[in-house]
file model.cif (mmCIF, N, CA and C atoms)
data_upload
loop_
_atom_site.label_atom_id
_atom_site.label_comp_id
_atom_site.auth_asym_id
_atom_site.auth_seq_id
_atom_site.Cartn_x
_atom_site.Cartn_y
_atom_site.Cartn_z
N MET V 21 -17.99 -10.97 -11.76
CA MET V 21 -17.32 -9.70 -12.00
C MET V 21 -18.24 -8.55 -11.58
N ALA V 22 -17.67 -7.53 -11.01
CA ALA V 22 -18.45 -6.37 -10.56
C ALA V 22 -18.79 -5.47 -11.75
N ASP V 23 -19.64 -4.51 -11.49
CA ASP V 23 -20.11 -3.60 -12.53
C ASP V 23 -19.04 -2.57 -12.90
N PRO V 24 -18.91 -2.24 -14.21
CA PRO V 24 -18.04 -1.13 -14.58
C PRO V 24 -18.60 0.17 -13.99
N ILE V 25 -17.75 1.15 -13.81
CA ILE V 25 -18.17 2.40 -13.17
C ILE V 25 -18.82 3.31 -14.22
N THR V 26 -20.10 3.11 -14.41
CA THR V 26 -20.92 3.92 -15.31
C THR V 26 -21.50 5.08 -14.50
N PRO V 27 -22.14 6.05 -15.16
CA PRO V 27 -22.80 7.12 -14.39
C PRO V 27 -23.83 6.59 -13.39
N GLU V 28 -24.54 5.51 -13.76
CA GLU V 28 -25.53 4.94 -12.85
C GLU V 28 -24.85 4.32 -11.62
N ILE V 29 -23.75 3.63 -11.84
CA ILE V 29 -23.01 3.04 -10.72
C ILE V 29 -22.41 4.15 -9.86
N SER V 30 -21.91 5.21 -10.50
CA SER V 30 -21.39 6.36 -9.75
C SER V 30 -22.46 6.93 -8.83
N ASP V 31 -23.67 7.10 -9.36
CA ASP V 31 -24.77 7.64 -8.55
C ASP V 31 -25.06 6.71 -7.36
N ARG V 32 -25.06 5.41 -7.60
CA ARG V 32 -25.32 4.44 -6.53
C ARG V 32 -24.25 4.51 -5.45
N ILE V 33 -22.99 4.55 -5.87
CA ILE V 33 -21.88 4.63 -4.91
C ILE V 33 -21.96 5.93 -4.11
N CYS V 34 -22.21 7.04 -4.80
CA CYS V 34 -22.29 8.34 -4.12
C CYS V 34 -23.42 8.36 -3.10
N LYS V 35 -24.59 7.86 -3.49
CA LYS V 35 -25.72 7.84 -2.56
C LYS V 35 -25.37 7.02 -1.33
N HIS V 36 -24.78 5.84 -1.53
CA HIS V 36 -24.39 4.99 -0.41
C HIS V 36 -23.37 5.69 0.48
N MET V 37 -22.35 6.28 -0.11
CA MET V 37 -21.32 6.94 0.69
C MET V 37 -21.90 8.13 1.46
N ASN V 38 -22.72 8.93 0.81
CA ASN V 38 -23.30 10.10 1.47
C ASN V 38 -24.30 9.72 2.56
N ASP V 39 -25.09 8.67 2.32
CA ASP V 39 -26.10 8.25 3.29
C ASP V 39 -25.51 7.46 4.46
N ASP V 40 -24.54 6.59 4.16
CA ASP V 40 -24.05 5.65 5.18
C ASP V 40 -22.64 5.91 5.68
N HIS V 41 -21.89 6.73 4.96
CA HIS V 41 -20.48 6.94 5.32
C HIS V 41 -20.08 8.41 5.20
N ALA V 42 -20.97 9.30 5.67
CA ALA V 42 -20.73 10.74 5.55
C ALA V 42 -19.43 11.16 6.25
N SER V 43 -19.11 10.54 7.37
CA SER V 43 -17.89 10.93 8.07
C SER V 43 -16.65 10.54 7.26
N ALA V 44 -16.71 9.44 6.54
CA ALA V 44 -15.59 9.05 5.67
C ALA V 44 -15.43 10.05 4.53
N VAL V 45 -16.54 10.48 3.94
CA VAL V 45 -16.46 11.47 2.85
C VAL V 45 -15.84 12.77 3.36
N LEU V 46 -16.22 13.19 4.55
CA LEU V 46 -15.64 14.40 5.13
C LEU V 46 -14.14 14.20 5.38
N THR V 47 -13.76 13.02 5.83
CA THR V 47 -12.33 12.73 6.03
C THR V 47 -11.58 12.77 4.71
N TYR V 48 -12.18 12.24 3.63
CA TYR V 48 -11.54 12.35 2.31
C TYR V 48 -11.29 13.81 1.96
N ALA V 49 -12.28 14.67 2.23
CA ALA V 49 -12.11 16.10 1.93
C ALA V 49 -10.99 16.71 2.76
N HIS V 50 -10.97 16.38 4.05
CA HIS V 50 -9.94 16.93 4.94
C HIS V 50 -8.54 16.51 4.50
N VAL V 51 -8.35 15.22 4.28
CA VAL V 51 -7.01 14.67 4.06
C VAL V 51 -6.60 14.75 2.59
N TYR V 52 -7.39 14.16 1.70
CA TYR V 52 -7.00 14.09 0.28
C TYR V 52 -7.38 15.34 -0.49
N GLY V 53 -8.44 16.01 -0.06
CA GLY V 53 -8.85 17.25 -0.73
C GLY V 53 -8.12 18.46 -0.20
N LYS V 54 -7.29 18.24 0.81
CA LYS V 54 -6.51 19.32 1.42
C LYS V 54 -7.41 20.48 1.86
N ALA V 55 -8.54 20.10 2.46
CA ALA V 55 -9.51 21.07 2.96
C ALA V 55 -9.77 20.78 4.43
N PRO V 56 -8.77 21.00 5.30
CA PRO V 56 -8.91 20.62 6.71
C PRO V 56 -10.00 21.37 7.46
N THR V 57 -10.46 22.50 6.93
CA THR V 57 -11.51 23.26 7.61
C THR V 57 -12.90 22.97 7.05
N ALA V 58 -13.02 21.98 6.17
CA ALA V 58 -14.34 21.63 5.62
C ALA V 58 -15.26 21.21 6.76
N ALA V 59 -16.47 21.78 6.76
CA ALA V 59 -17.46 21.46 7.78
C ALA V 59 -18.33 20.29 7.35
N THR V 60 -18.58 20.19 6.05
CA THR V 60 -19.36 19.10 5.48
C THR V 60 -18.75 18.74 4.12
N ALA V 61 -19.08 17.56 3.65
CA ALA V 61 -18.65 17.15 2.31
C ALA V 61 -19.62 16.09 1.80
N ALA V 62 -19.82 16.10 0.50
CA ALA V 62 -20.66 15.10 -0.16
C ALA V 62 -19.95 14.64 -1.42
N MET V 63 -20.04 13.35 -1.70
CA MET V 63 -19.48 12.80 -2.92
C MET V 63 -20.49 13.02 -4.03
N SER V 64 -20.06 13.68 -5.11
CA SER V 64 -20.97 13.97 -6.21
C SER V 64 -20.76 13.07 -7.41
N ALA V 65 -19.57 12.49 -7.54
CA ALA V 65 -19.30 11.57 -8.65
C ALA V 65 -18.05 10.76 -8.35
N ILE V 66 -17.99 9.60 -8.97
CA ILE V 66 -16.78 8.76 -8.90
C ILE V 66 -16.61 8.16 -10.29
N ASP V 67 -15.37 8.09 -10.73
CA ASP V 67 -15.05 7.47 -12.01
C ASP V 67 -13.75 6.69 -11.83
N PRO V 68 -13.29 5.99 -12.84
CA PRO V 68 -12.09 5.17 -12.64
C PRO V 68 -10.83 5.94 -12.23
N LEU V 69 -10.81 7.24 -12.44
CA LEU V 69 -9.61 8.03 -12.13
C LEU V 69 -9.67 8.80 -10.82
N GLY V 70 -10.88 9.00 -10.27
CA GLY V 70 -10.97 9.76 -9.03
C GLY V 70 -12.40 10.01 -8.61
N MET V 71 -12.52 10.80 -7.54
CA MET V 71 -13.85 11.16 -7.03
C MET V 71 -13.97 12.67 -6.93
N ASP V 72 -15.20 13.14 -7.10
CA ASP V 72 -15.52 14.55 -6.98
C ASP V 72 -16.34 14.75 -5.72
N LEU V 73 -15.92 15.71 -4.91
CA LEU V 73 -16.63 16.06 -3.69
C LEU V 73 -17.05 17.51 -3.76
N THR V 74 -18.12 17.84 -3.07
CA THR V 74 -18.50 19.22 -2.82
C THR V 74 -18.41 19.41 -1.32
N ALA V 75 -17.60 20.37 -0.91
CA ALA V 75 -17.37 20.58 0.52
C ALA V 75 -17.71 22.02 0.90
N LEU V 76 -18.17 22.18 2.13
CA LEU V 76 -18.43 23.50 2.69
C LEU V 76 -17.17 23.90 3.44
N VAL V 77 -16.41 24.84 2.87
CA VAL V 77 -15.14 25.27 3.42
C VAL V 77 -15.23 26.76 3.72
N ASP V 78 -15.10 27.09 4.98
CA ASP V 78 -15.16 28.50 5.41
C ASP V 78 -16.40 29.21 4.86
N GLY V 79 -17.53 28.51 4.91
CA GLY V 79 -18.81 29.09 4.52
C GLY V 79 -19.09 29.07 3.03
N GLU V 80 -18.20 28.51 2.22
CA GLU V 80 -18.41 28.48 0.77
C GLU V 80 -18.36 27.04 0.26
N ASN V 81 -19.22 26.74 -0.72
CA ASN V 81 -19.17 25.44 -1.37
C ASN V 81 -17.98 25.40 -2.32
N VAL V 82 -17.17 24.37 -2.18
CA VAL V 82 -15.96 24.21 -2.98
C VAL V 82 -15.98 22.83 -3.62
N SER V 83 -15.61 22.75 -4.89
CA SER V 83 -15.49 21.47 -5.58
C SER V 83 -14.08 20.94 -5.38
N LEU V 84 -13.99 19.67 -5.01
CA LEU V 84 -12.70 19.02 -4.81
C LEU V 84 -12.61 17.81 -5.72
N ARG V 85 -11.51 17.67 -6.42
CA ARG V 85 -11.26 16.47 -7.22
C ARG V 85 -10.15 15.69 -6.52
N ILE V 86 -10.43 14.45 -6.18
CA ILE V 86 -9.46 13.61 -5.49
C ILE V 86 -9.11 12.46 -6.43
N PRO V 87 -7.90 12.48 -6.98
CA PRO V 87 -7.50 11.40 -7.89
C PRO V 87 -7.14 10.13 -7.12
N PHE V 88 -7.36 9.00 -7.76
CA PHE V 88 -6.92 7.73 -7.20
C PHE V 88 -5.47 7.50 -7.61
N ASP V 89 -4.77 6.63 -6.89
CA ASP V 89 -3.37 6.38 -7.21
C ASP V 89 -3.21 5.44 -8.41
N ARG V 90 -4.32 4.89 -8.89
CA ARG V 90 -4.33 4.05 -10.09
C ARG V 90 -5.74 4.04 -10.65
N GLU V 91 -5.87 3.62 -11.89
CA GLU V 91 -7.18 3.55 -12.52
C GLU V 91 -7.96 2.35 -11.99
N LEU V 92 -9.21 2.60 -11.62
CA LEU V 92 -10.06 1.53 -11.08
C LEU V 92 -10.68 0.73 -12.23
N THR V 93 -10.94 -0.54 -11.97
CA THR V 93 -11.48 -1.40 -13.01
C THR V 93 -13.00 -1.54 -12.95
N ASP V 94 -13.58 -1.53 -11.73
CA ASP V 94 -15.01 -1.76 -11.60
C ASP V 94 -15.48 -1.32 -10.21
N SER V 95 -16.76 -1.55 -9.93
CA SER V 95 -17.33 -1.09 -8.66
C SER V 95 -16.72 -1.78 -7.45
N GLU V 96 -16.37 -3.04 -7.57
CA GLU V 96 -15.72 -3.75 -6.46
C GLU V 96 -14.33 -3.16 -6.19
N ASP V 97 -13.63 -2.82 -7.24
CA ASP V 97 -12.33 -2.18 -7.10
C ASP V 97 -12.50 -0.83 -6.39
N ALA V 98 -13.53 -0.08 -6.77
CA ALA V 98 -13.82 1.20 -6.11
C ALA V 98 -14.08 0.99 -4.63
N HIS V 99 -14.86 -0.02 -4.31
CA HIS V 99 -15.17 -0.34 -2.91
C HIS V 99 -13.88 -0.58 -2.12
N GLN V 100 -13.00 -1.41 -2.67
CA GLN V 100 -11.76 -1.73 -1.97
C GLN V 100 -10.84 -0.51 -1.84
N VAL V 101 -10.77 0.31 -2.87
CA VAL V 101 -9.92 1.51 -2.82
C VAL V 101 -10.47 2.52 -1.82
N LEU V 102 -11.78 2.70 -1.78
CA LEU V 102 -12.36 3.65 -0.82
C LEU V 102 -12.10 3.19 0.61
N ILE V 103 -12.18 1.89 0.86
CA ILE V 103 -11.87 1.37 2.19
C ILE V 103 -10.40 1.61 2.53
N SER V 104 -9.53 1.30 1.59
CA SER V 104 -8.09 1.51 1.81
C SER V 104 -7.78 2.98 2.07
N MET V 105 -8.43 3.86 1.29
CA MET V 105 -8.18 5.30 1.46
C MET V 105 -8.63 5.80 2.82
N ILE V 106 -9.78 5.32 3.32
CA ILE V 106 -10.24 5.82 4.62
C ILE V 106 -9.33 5.29 5.73
N LYS V 107 -8.89 4.06 5.61
CA LYS V 107 -7.95 3.55 6.61
C LYS V 107 -6.66 4.37 6.64
N GLN V 108 -6.14 4.67 5.46
CA GLN V 108 -4.92 5.47 5.38
C GLN V 108 -5.17 6.90 5.88
N ALA V 109 -6.29 7.48 5.52
CA ALA V 109 -6.60 8.85 5.94
C ALA V 109 -6.73 8.95 7.44
N ARG V 110 -7.36 7.96 8.06
CA ARG V 110 -7.51 7.98 9.51
C ARG V 110 -6.15 7.88 10.20
N THR V 111 -5.24 7.13 9.61
CA THR V 111 -3.88 7.05 10.15
C THR V 111 -3.17 8.40 10.00
N LEU V 112 -3.33 9.02 8.85
CA LEU V 112 -2.69 10.31 8.60
C LEU V 112 -3.26 11.43 9.48
N ALA V 113 -4.56 11.32 9.77
CA ALA V 113 -5.24 12.38 10.52
C ALA V 113 -4.95 12.33 12.02
N THR V 114 -4.36 11.24 12.51
CA THR V 114 -4.12 11.14 13.95
C THR V 114 -2.75 11.64 14.33
#

call {"tool": "encode", "arguments": {"input": "model.cif", "output": "structure tokens"}}
result
Amino acid sequence: MADPITPEISDRICKHMNDDHASAVLTYAHVYGKAPTAATAAMSAIDPLGMDLTALVDGENVSLRIPFDRELTDSEDAHQVLISMIKQARTLAT
């Protein structure tokens, strides 16, 4: 079984997403955060109900809350949902 989404797991997921998948985080901001002019975005937290991003939109830092379509159970569930969301976002963005 994967780890429950604790603050420590949230920090680990955010670091991984920001370091290795920055373009996906920016796409989340554009599509799900309804911030199509965001120049940059960083994931600041994730919990079972959604993710928090900080995006640079028109020269200002903006906080975005992106809810999930269902409550997540653990870190593996978060992994699968984030993958599903980026696939869907890339389809929507084209």

call {"tool": "resolve_selection", "arguments": {"input": "model.cif", "expression": "the PyMOL selection byres ((chain V and resi 90-103) around 6.5)", "output": "list of chain:residue names"}}
result
V:Ala22, V:Asp23, V:Pro24, V:Ile25, V:Asp67, V:Pro68, V:Leu69, V:Pro87, V:Phe88, V:Asp89, V:Ser104, V:Met105, V:Ile106, V:Lys107, V:Gln108

call {"tool": "select_by_dssp", "arguments": {"input": "model.cif", "residues": "chain V", "states": "helix (DSSP H, G or I)", "output": "number ranges by chain"}}
result
V: 27-40, 42-51, 95-113

call {"tool": "write_last_selection", "arguments": {"input": "model.cif", "atoms": "N, CA and C atoms", "output": "tab-separated table (two decimals), in the coordinates of the input"}}
result
chain	number	residue	atom	x	y	z
V	27	PRO	N	-22.14	6.05	-15.16
V	27	PRO	CA	-22.80	7.12	-14.39
V	27	PRO	C	-23.83	6.59	-13.39
V	28	GLU	N	-24.54	5.51	-13.76
V	28	GLU	CA	-25.53	4.94	-12.85
V	28	GLU	C	-24.85	4.32	-11.62
V	29	ILE	N	-23.75	3.63	-11.84
V	29	ILE	CA	-23.01	3.04	-10.72
V	29	ILE	C	-22.41	4.15	-9.86
V	30	SER	N	-21.91	5.21	-10.50
V	30	SER	CA	-21.39	6.36	-9.75
V	30	SER	C	-22.46	6.93	-8.83
V	31	ASP	N	-23.67	7.10	-9.36
V	31	ASP	CA	-24.77	7.64	-8.55
V	31	ASP	C	-25.06	6.71	-7.36
V	32	ARG	N	-25.06	5.41	-7.60
V	32	ARG	CA	-25.32	4.44	-6.53
V	32	ARG	C	-24.25	4.51	-5.45
V	33	ILE	N	-22.99	4.55	-5.87
V	33	ILE	CA	-21.88	4.63	-4.91
V	33	ILE	C	-21.96	5.93	-4.11
V	34	CYS	N	-22.21	7.04	-4.80
V	34	CYS	CA	-22.29	8.34	-4.12
V	34	CYS	C	-23.42	8.36	-3.10
V	35	LYS	N	-24.59	7.86	-3.49
V	35	LYS	CA	-25.72	7.84	-2.56
V	35	LYS	C	-25.37	7.02	-1.33
V	36	HIS	N	-24.78	5.84	-1.53
V	36	HIS	CA	-24.39	4.99	-0.41
V	36	HIS	C	-23.37	5.69	0.48
V	37	MET	N	-22.35	6.28	-0.11
V	37	MET	CA	-21.32	6.94	0.69
V	37	MET	C	-21.90	8.13	1.46
V	38	ASN	N	-22.72	8.93	0.81
V	38	ASN	CA	-23.30	10.10	1.47
V	38	ASN	C	-24.30	9.72	2.56
V	39	ASP	N	-25.09	8.67	2.32
V	39	ASP	CA	-26.10	8.25	3.29
V	39	ASP	C	-25.51	7.46	4.46
V	40	ASP	N	-24.54	6.59	4.16
V	40	ASP	CA	-24.05	5.65	5.18
V	40	ASP	C	-22.64	5.91	5.68
V	42	ALA	N	-20.97	9.30	5.67
V	42	ALA	CA	-20.73	10.74	5.55
V	42	ALA	C	-19.43	11.16	6.25
V	43	SER	N	-19.11	10.54	7.37
V	43	SER	CA	-17.89	10.93	8.07
V	43	SER	C	-16.65	10.54	7.26
V	44	ALA	N	-16.71	9.44	6.54
V	44	ALA	CA	-15.59	9.05	5.67
V	44	ALA	C	-15.43	10.05	4.53
V	45	VAL	N	-16.54	10.48	3.94
V	45	VAL	CA	-16.46	11.47	2.85
V	45	VAL	C	-15.84	12.77	3.36
V	46	LEU	N	-16.22	13.19	4.55
V	46	LEU	CA	-15.64	14.40	5.13
V	46	LEU	C	-14.14	14.20	5.38
V	47	THR	N	-13.76	13.02	5.83
V	47	THR	CA	-12.33	12.73	6.03
V	47	THR	C	-11.58	12.77	4.71
V	48	TYR	N	-12.18	12.24	3.63
V	48	TYR	CA	-11.54	12.35	2.31
V	48	TYR	C	-11.29	13.81	1.96
V	49	ALA	N	-12.28	14.67	2.23
V	49	ALA	CA	-12.11	16.10	1.93
V	49	ALA	C	-10.99	16.71	2.76
V	50	HIS	N	-10.97	16.38	4.05
V	50	HIS	CA	-9.94	16.93	4.94
V	50	HIS	C	-8.54	16.51	4.50
V	51	VAL	N	-8.35	15.22	4.28
V	51	VAL	CA	-7.01	14.67	4.06
V	51	VAL	C	-6.60	14.75	2.59
V	95	SER	N	-16.76	-1.55	-9.93
V	95	SER	CA	-17.33	-1.09	-8.66
V	95	SER	C	-16.72	-1.78	-7.45
V	96	GLU	N	-16.37	-3.04	-7.57
V	96	GLU	CA	-15.72	-3.75	-6.46
V	96	GLU	C	-14.33	-3.16	-6.19
V	97	ASP	N	-13.63	-2.82	-7.24
V	97	ASP	CA	-12.33	-2.18	-7.10
V	97	ASP	C	-12.50	-0.83	-6.39
V	98	ALA	N	-13.53	-0.08	-6.77
V	98	ALA	CA	-13.82	1.20	-6.11
V	98	ALA	C	-14.08	0.99	-4.63
V	99	HIS	N	-14.86	-0.02	-4.31
V	99	HIS	CA	-15.17	-0.34	-2.91
V	99	HIS	C	-13.88	-0.58	-2.12
V	100	GLN	N	-13.00	-1.41	-2.67
V	100	GLN	CA	-11.76	-1.73	-1.97
V	100	GLN	C	-10.84	-0.51	-1.84
V	101	VAL	N	-10.77	0.31	-2.87
V	101	VAL	CA	-9.92	1.51	-2.82
V	101	VAL	C	-10.47	2.52	-1.82
V	102	LEU	N	-11.78	2.70	-1.78
V	102	LEU	CA	-12.36	3.65	-0.82
V	102	LEU	C	-12.10	3.19	0.61
V	103	ILE	N	-12.18	1.89	0.86
V	103	ILE	CA	-11.87	1.37	2.19
V	103	ILE	C	-10.40	1.61	2.53
V	104	SER	N	-9.53	1.30	1.59
V	104	SER	CA	-8.09	1.51	1.81
V	104	SER	C	-7.78	2.98	2.07
V	105	MET	N	-8.43	3.86	1.29
V	105	MET	CA	-8.18	5.30	1.46
V	105	MET	C	-8.63	5.80	2.82
V	106	ILE	N	-9.78	5.32	3.32
V	106	ILE	CA	-10.24	5.82	4.62
V	106	ILE	C	-9.33	5.29	5.73
V	107	LYS	N	-8.89	4.06	5.61
V	107	LYS	CA	-7.95	3.55	6.61
V	107	LYS	C	-6.66	4.37	6.64
V	108	GLN	N	-6.14	4.67	5.46
V	108	GLN	CA	-4.92	5.47	5.38
V	108	GLN	C	-5.17	6.90	5.88
V	109	ALA	N	-6.29	7.48	5.52
V	109	ALA	CA	-6.60	8.85	5.94
V	109	ALA	C	-6.73	8.95	7.44
V	110	ARG	N	-7.36	7.96	8.06
V	110	ARG	CA	-7.51	7.98	9.51
V	110	ARG	C	-6.15	7.88	10.20
V	111	THR	N	-5.24	7.13	9.61
V	111	THR	CA	-3.88	7.05	10.15
V	111	THR	C	-3.17	8.40	10.00
V	112	LEU	N	-3.33	9.02	8.85
V	112	LEU	CA	-2.69	10.31	8.60
V	112	LEU	C	-3.26	11.43	9.48
V	113	ALA	N	-4.56	11.32	9.77
V	113	ALA	CA	-5.24	12.38	10.52
V	113	ALA	C	-4.95	12.33	12.02

call {"tool": "residues_around", "arguments": {"input": "model.cif", "residues": "Ala62 of chain V", "least_positions_apart": "5", "cutoff": "7 Å", "atoms": "only C-alpha atoms", "output": "list in words"}}
result
Asn38, Val45, Leu73, Thr74 and Ala75 of chain V

call {"tool": "resolve_selection", "arguments": {"input": "model.cif", "expression": "the PyMOL selection byres ((chain V and resi 83-85) around 8)", "output": "VMD selection string"}}
result
chain V and resid 49 52 to 54 70 to 76 80 to 82 86 to 88

call {"tool": "closest_atom_pairs", "arguments": {"input": "model.cif", "of": "segment 40-113 of chain V", "to": "segment 29-35 of chain V", "cutoff": "6 Å", "atoms": "all atoms listed in the file", "output": "JSON lines"}}
result
{"residue": "V:Asp40", "atom": "N", "partner": "V:Lys35", "partner_atom": "C", "distance": 5.6}
{"residue": "V:Met63", "atom": "C", "partner": "V:Cys34", "partner_atom": "CA", "distance": 5.0}
{"residue": "V:Ser64", "atom": "N", "partner": "V:Cys34", "partner_atom": "CA", "distance": 5.9}
{"residue": "V:Ala65", "atom": "CA", "partner": "V:Ser30", "partner_atom": "C", "distance": 5.6}
{"residue": "V:Ile66", "atom": "N", "partner": "V:Ser30", "partner_atom": "CA", "distance": 4.8}

call {"tool": "atom_distance", "arguments": {"input": "model.cif", "atom1": "atom N of Glu28 of chain V", "atom2": "atom N of His50 of chain V"}}
result
24.9 Å

call {"tool": "atom_distance", "arguments": {"input": "model.cif", "atom1": "atom CA of Val51 of chain V", "atom2": "atom N of Val77 of chain V"}}
result
13.9 Å

call {"tool": "atom_distance", "arguments": {"input": "model.cif", "atom1": "atom CA of Gly79 of chain V", "atom2": "atom CA of Pro56 of chain V"}}
result
13.2 Å

call {"tool": "select_by_dssp", "arguments": {"input": "model.cif", "residues": "segment 43-88 of chain V", "states": "strand (DSSP E)", "output": "short mmCIF file (atom, residue, chain, number, x, y, z; two decimals) with N, CA and C atoms, in the frame of the given file"}}
result
data_model
loop_
_atom_site.label_atom_id
_atom_site.label_comp_id
_atom_site.auth_asym_id
_atom_site.auth_seq_id
_atom_site.Cartn_x
_atom_site.Cartn_y
_atom_site.Cartn_z
N ALA V 58 -13.02 21.98 6.17
CA ALA V 58 -14.34 21.63 5.62
C ALA V 58 -15.26 21.21 6.76
N ALA V 59 -16.47 21.78 6.76
CA ALA V 59 -17.46 21.46 7.78
C ALA V 59 -18.33 20.29 7.35
N THR V 60 -18.58 20.19 6.05
CA THR V 60 -19.36 19.10 5.48
C THR V 60 -18.75 18.74 4.12
N ALA V 61 -19.08 17.56 3.65
CA ALA V 61 -18.65 17.15 2.31
C ALA V 61 -19.62 16.09 1.80
N ALA V 62 -19.82 16.10 0.50
CA ALA V 62 -20.66 15.10 -0.16
C ALA V 62 -19.95 14.64 -1.42
N MET V 63 -20.04 13.35 -1.70
CA MET V 63 -19.48 12.80 -2.92
C MET V 63 -20.49 13.02 -4.03
N SER V 64 -20.06 13.68 -5.11
CA SER V 64 -20.97 13.97 -6.21
C SER V 64 -20.76 13.07 -7.41
N ALA V 65 -19.57 12.49 -7.54
CA ALA V 65 -19.30 11.57 -8.65
C ALA V 65 -18.05 10.76 -8.35
N ILE V 66 -17.99 9.60 -8.97
CA ILE V 66 -16.78 8.76 -8.90
C ILE V 66 -16.61 8.16 -10.29
N ASP V 67 -15.37 8.09 -10.73
CA ASP V 67 -15.05 7.47 -12.01
C ASP V 67 -13.75 6.69 -11.83
N GLY V 70 -10.88 9.00 -10.27
CA GLY V 70 -10.97 9.76 -9.03
C GLY V 70 -12.40 10.01 -8.61
N MET V 71 -12.52 10.80 -7.54
CA MET V 71 -13.85 11.16 -7.03
C MET V 71 -13.97 12.67 -6.93
N ASP V 72 -15.20 13.14 -7.10
CA ASP V 72 -15.52 14.55 -6.98
C ASP V 72 -16.34 14.75 -5.72
N LEU V 73 -15.92 15.71 -4.91
CA LEU V 73 -16.63 16.06 -3.69
C LEU V 73 -17.05 17.51 -3.76
N THR V 74 -18.12 17.84 -3.07
CA THR V 74 -18.50 19.22 -2.82
C THR V 74 -18.41 19.41 -1.32
N ALA V 75 -17.60 20.37 -0.91
CA ALA V 75 -17.37 20.58 0.52
C ALA V 75 -17.71 22.02 0.90
N LEU V 76 -18.17 22.18 2.13
CA LEU V 76 -18.43 23.50 2.69
C LEU V 76 -17.17 23.90 3.44
N VAL V 77 -16.41 24.84 2.87
CA VAL V 77 -15.14 25.27 3.42
C VAL V 77 -15.23 26.76 3.72
N GLU V 80 -18.20 28.51 2.22
CA GLU V 80 -18.41 28.48 0.77
C GLU V 80 -18.36 27.04 0.26
N ASN V 81 -19.22 26.74 -0.72
CA ASN V 81 -19.17 25.44 -1.37
C ASN V 81 -17.98 25.40 -2.32
N VAL V 82 -17.17 24.37 -2.18
CA VAL V 82 -15.96 24.21 -2.98
C VAL V 82 -15.98 22.83 -3.62
N SER V 83 -15.61 22.75 -4.89
CA SER V 83 -15.49 21.47 -5.58
C SER V 83 -14.08 20.94 -5.38
N LEU V 84 -13.99 19.67 -5.01
CA LEU V 84 -12.70 19.02 -4.81
C LEU V 84 -12.61 17.81 -5.72
N ARG V 85 -11.51 17.67 -6.42
CA ARG V 85 -11.26 16.47 -7.22
C ARG V 85 -10.15 15.69 -6.52
N ILE V 86 -10.43 14.45 -6.18
CA ILE V 86 -9.46 13.61 -5.49
C ILE V 86 -9.11 12.46 -6.43
N PRO V 87 -7.90 12.48 -6.98
CA PRO V 87 -7.50 11.40 -7.89
C PRO V 87 -7.14 10.13 -7.12
#
